[in-house]
Amino acid sequence: MGWTFGMTQATKTNIIMKIAIISSSIRTGRNSHRVALFFKNYIEENKLATAEILDLQMYQFPIFEERLKFQKNPSSLAIEFAEKIKAADGVIIVTPEYNGGYPASLKNVIDLLIGEWKRKPVAISTVSAGGFAGMNVITSLQFTLWKIQAWTVSAMFPVAKVSEAYNEQGIPSDKEGTEKRAKSFIDELLWCAEANKKMLG
Ligand SMILES: Cc1cc2nc3c(=O)[nH]c(=O)nc-3n(C[C@H](O)[C@H](O)[C@H](O)COP(=O)(O)O)c2cc1C
């Protein structure tokens with residue numbers, strides 16, 4: 001059976017995929033959140049999936065002390081976060097680059113969970129204020145996600161000069177070019193999500 005480019009089998013059979021978008025920056029005055037807003041808008045406007053932002057600034061998780069499944073009195077927010085990752089068919093991580101790496105807020109929630117990450121399709125969008133689009137983050141974040149047994153998809157979505165590229169509502173200045181890149185990024189994530197769903201039955 002042939003594939004129509006850009007249209008997965010799930011799209012054709014109206015299976016609604018669930019995408020969780022982790023907005024990793026908890027910094028006051030953050031800008032990478034604009035990219036998370038863009039993905040949510042883009043996915044919903046094009047009816048590609050359902051999309052929910054898991055905003056780590058909103059969750060305000062304490063610094064990691066123990067994995068959720070071993071905590072005696074886990075917070076309801078931590079349980080909610082774990083359930084949302086578990087329920088998602090695919091995850092987009094939007095991460096800034098801080099000093100060549102990804103932020104502590106993101107490592108905090110990767111370490112918090114175990115089984116929820118297993119074989120979870122994850123697509124990474126790196127963000128920077130400067131011209132290098134946060135690309136230094138990629139190898140360290142992919143390695144950590146590989147170690148936790150997530151399934152990092154090969155598509156990338158690097159964003160340079162974020163405050164010029166998106167406004168505060170997540171609307172891109174180059175709408176056509178940005179949406180073209182977003183399409184191939186999200187198509188790849190949805191392909192993996194669909195393949196995963198088939199294997200899980
Ligand atoms: C502590 C810190 C370290 C940073 N290090 C880098 C860096 O190594 N490379 C880079 O391109 N941008 C760096 N930046 C700038 C971020 O890319 C910029 O703040 C961008 O908007 C994404 O982060 P934000 O969502 O927190 O705003 C750094 C910013 C902070 C706050």
# chains A, B, ... in the order shown; residues from 1 in each chain; ligands from 1
$ residues_near_ligand --ligand "ligand 1" --cutoff "8 Å" --atoms "only C-alpha atoms and all ligand atoms" --output "NGL selection string"
:A and (24-33 or 95-101 or 127-134 or 136 or 161-163)
$ write_last_selection --atoms "N, CA, C and O atoms" --output "mmCIF file, in the first residue's frame"
data_model
loop_
_atom_site.group_PDB
_atom_site.id
_atom_site.type_symbol
_atom_site.label_atom_id
_atom_site.label_comp_id
_atom_site.auth_asym_id
_atom_site.auth_seq_id
_atom_site.Cartn_x
_atom_site.Cartn_y
_atom_site.Cartn_z
ATOM 1 N N SER A 24 9.792 23.785 28.185
ATOM 2 C CA SER A 24 10.776 23.485 29.236
ATOM 3 C C SER A 24 11.281 24.694 30.016
ATOM 4 O O SER A 24 11.736 24.541 31.146
ATOM 5 N N SER A 25 11.250 25.856 29.405
ATOM 6 C CA SER A 25 11.824 27.019 30.096
ATOM 7 C C SER A 25 10.887 27.502 31.185
ATOM 8 O O SER A 25 9.704 27.748 30.932
ATOM 9 N N ILE A 26 11.435 27.640 32.393
ATOM 10 C CA ILE A 26 10.641 28.198 33.494
ATOM 11 C C ILE A 26 11.158 29.601 33.830
ATOM 12 O O ILE A 26 10.789 30.172 34.839
ATOM 13 N N ARG A 27 12.008 30.129 32.961
ATOM 14 C CA ARG A 27 12.645 31.429 33.207
ATOM 15 C C ARG A 27 11.631 32.571 33.103
ATOM 16 O O ARG A 27 10.784 32.590 32.225
ATOM 17 N N THR A 28 11.759 33.544 34.021
ATOM 18 C CA THR A 28 10.957 34.759 33.933
ATOM 19 C C THR A 28 11.320 35.457 32.618
ATOM 20 O O THR A 28 12.502 35.632 32.333
ATOM 21 N N GLY A 29 10.330 35.810 31.851
ATOM 22 C CA GLY A 29 10.610 36.492 30.582
ATOM 23 C C GLY A 29 11.067 35.558 29.478
ATOM 24 O O GLY A 29 11.627 35.994 28.470
ATOM 25 N N ARG A 30 10.797 34.310 29.635
ATOM 26 C CA ARG A 30 11.212 33.291 28.641
ATOM 27 C C ARG A 30 10.651 33.594 27.244
ATOM 28 O O ARG A 30 9.576 34.193 27.114
ATOM 29 N N ASN A 31 11.354 33.109 26.255
ATOM 30 C CA ASN A 31 10.892 33.284 24.873
ATOM 31 C C ASN A 31 10.612 31.977 24.144
ATOM 32 O O ASN A 31 9.857 31.957 23.173
ATOM 33 N N SER A 32 11.217 30.879 24.588
ATOM 34 C CA SER A 32 11.001 29.612 23.870
ATOM 35 C C SER A 32 9.552 29.125 23.984
ATOM 36 O O SER A 32 9.098 28.336 23.161
ATOM 37 N N HIS A 33 8.843 29.633 24.974
ATOM 38 C CA HIS A 33 7.429 29.258 25.112
ATOM 39 C C HIS A 33 6.635 29.648 23.857
ATOM 40 O O HIS A 33 5.625 29.018 23.535
ATOM 41 N N THR A 95 12.873 23.068 23.972
ATOM 42 C CA THR A 95 13.882 23.368 24.993
ATOM 43 C C THR A 95 14.800 24.517 24.597
ATOM 44 O O THR A 95 15.255 24.578 23.454
ATOM 45 N N PRO A 96 15.084 25.418 25.539
ATOM 46 C CA PRO A 96 16.111 26.421 25.267
ATOM 47 C C PRO A 96 17.493 25.807 25.429
ATOM 48 O O PRO A 96 17.627 24.716 26.012
ATOM 49 N N GLU A 97 18.497 26.497 24.926
ATOM 50 C CA GLU A 97 19.881 26.111 25.229
ATOM 51 C C GLU A 97 20.395 27.035 26.321
ATOM 52 O O GLU A 97 20.376 28.250 26.169
ATOM 53 N N TYR A 98 20.830 26.426 27.418
ATOM 54 C CA TYR A 98 21.458 27.186 28.501
ATOM 55 C C TYR A 98 22.889 26.667 28.663
ATOM 56 O O TYR A 98 23.092 25.496 29.018
ATOM 57 N N ASN A 99 23.842 27.530 28.415
ATOM 58 C CA ASN A 99 25.256 27.166 28.571
ATOM 59 C C ASN A 99 25.579 25.831 27.894
ATOM 60 O O ASN A 99 26.212 24.947 28.470
ATOM 61 N N GLY A 100 25.088 25.711 26.688
ATOM 62 C CA GLY A 100 25.426 24.539 25.884
ATOM 63 C C GLY A 100 24.617 23.291 26.189
ATOM 64 O O GLY A 100 24.836 22.240 25.582
ATOM 65 N N GLY A 101 23.691 23.379 27.131
ATOM 66 C CA GLY A 101 22.900 22.193 27.474
ATOM 67 C C GLY A 101 21.419 22.531 27.577
ATOM 68 O O GLY A 101 21.012 23.661 27.295
ATOM 69 N N VAL A 127 15.863 25.850 20.949
ATOM 70 C CA VAL A 127 15.584 27.278 20.760
ATOM 71 C C VAL A 127 16.713 28.120 21.353
ATOM 72 O O VAL A 127 17.194 27.828 22.448
ATOM 73 N N SER A 128 17.095 29.168 20.627
ATOM 74 C CA SER A 128 18.049 30.114 21.213
ATOM 75 C C SER A 128 17.723 31.539 20.806
ATOM 76 O O SER A 128 16.997 31.779 19.835
ATOM 77 N N ALA A 129 18.284 32.454 21.581
ATOM 78 C CA ALA A 129 18.133 33.875 21.271
ATOM 79 C C ALA A 129 19.066 34.262 20.122
ATOM 80 O O ALA A 129 18.773 35.147 19.329
ATOM 81 N N GLY A 130 20.182 33.572 20.035
ATOM 82 C CA GLY A 130 21.182 33.873 19.008
ATOM 83 C C GLY A 130 20.974 33.058 17.744
ATOM 84 O O GLY A 130 19.923 32.448 17.535
ATOM 85 N N GLY A 131 22.022 33.040 16.918
ATOM 86 C CA GLY A 131 21.890 32.467 15.584
ATOM 87 C C GLY A 131 22.103 30.972 15.468
ATOM 88 O O GLY A 131 21.926 30.403 14.393
ATOM 89 N N PHE A 132 22.476 30.288 16.551
ATOM 90 C CA PHE A 132 22.830 28.867 16.434
ATOM 91 C C PHE A 132 21.703 27.902 16.799
ATOM 92 O O PHE A 132 21.881 26.690 16.809
ATOM 93 N N ALA A 133 20.541 28.454 17.116
ATOM 94 C CA ALA A 133 19.301 27.669 17.255
ATOM 95 C C ALA A 133 19.362 26.573 18.325
ATOM 96 O O ALA A 133 18.659 25.569 18.228
ATOM 97 N N GLY A 134 20.194 26.753 19.328
ATOM 98 C CA GLY A 134 20.219 25.797 20.438
ATOM 99 C C GLY A 134 20.718 24.412 20.069
ATOM 100 O O GLY A 134 20.481 23.433 20.785
ATOM 101 N N ASN A 136 23.457 22.898 20.270
ATOM 102 C CA ASN A 136 24.339 22.161 21.193
ATOM 103 C C ASN A 136 23.569 21.215 22.110
ATOM 104 O O ASN A 136 24.150 20.307 22.693
ATOM 105 N N LYS A 161 17.221 32.965 16.915
ATOM 106 C CA LYS A 161 16.678 34.327 17.091
ATOM 107 C C LYS A 161 15.180 34.291 17.384
ATOM 108 O O LYS A 161 14.363 34.889 16.676
ATOM 109 N N VAL A 162 14.852 33.594 18.453
ATOM 110 C CA VAL A 162 13.432 33.259 18.694
ATOM 111 C C VAL A 162 12.523 34.480 18.802
ATOM 112 O O VAL A 162 11.396 34.457 18.312
ATOM 113 N N SER A 163 13.026 35.560 19.415
ATOM 114 C CA SER A 163 12.097 36.688 19.602
ATOM 115 C C SER A 163 11.849 37.465 18.312
ATOM 116 O O SER A 163 10.890 38.222 18.216
#
$ select_by_dssp --residues "range 20-189 of chain A" --states "alpha helix (DSSP H)" --output "PyMOL selection string"
chain A and resi 33-45+56-59+76-87+104-112+137-147+162-165+175-189
$ residues_around --residues "Ala49 in chain A" --least-positions-apart "4" --cutoff "6 Å" --atoms "only C-alpha atoms" --output "ChimeraX atom specification"
/A:16-18
$ residues_around --residues "range 85-89 of chain A" --least-positions-apart "5" --cutoff "10 Å" --atoms "only C-alpha atoms" --output "PyMOL selection string"
chain A and resi 16-22+49-52+54+80+113+115-118+120-122+189-190+192-194+196-197
$ closest_residue --among "A:Val109, A:Ala160, A:Val153, A:Leu77" --to "Ser23 in chain A" --atoms "only C-alpha atoms"
A:Val109
$ closest_residue --among "A:Phe157, A:Phe70, A:Phe143, A:Tyr42" --to "Val94 in chain A" --atoms "only C-alpha atoms"
A:Phe157
$ atom_distance --atom1 "CA of Asn108 in chain A" --atom2 "CA of Ala36 in chain A"
18.7 Å
$ closest_residue --among "A:Ile92, A:Ile148, A:Ala155, A:Ile15" --to "Leu48 in chain A" --atoms "only C-alpha atoms"
A:Ile15
$ closest_residue --among "A:Lys69, A:Ser75, A:Lys198, A:Ala123" --to "Met156 in chain A" --atoms "only C-alpha atoms"
A:Ala123
$ closest_residue --among "A:Gln57, A:Gln71, A:Thr126, A:Gln149" --to "Leu112 in chain A" --atoms "only C-alpha atoms"
A:Gln71
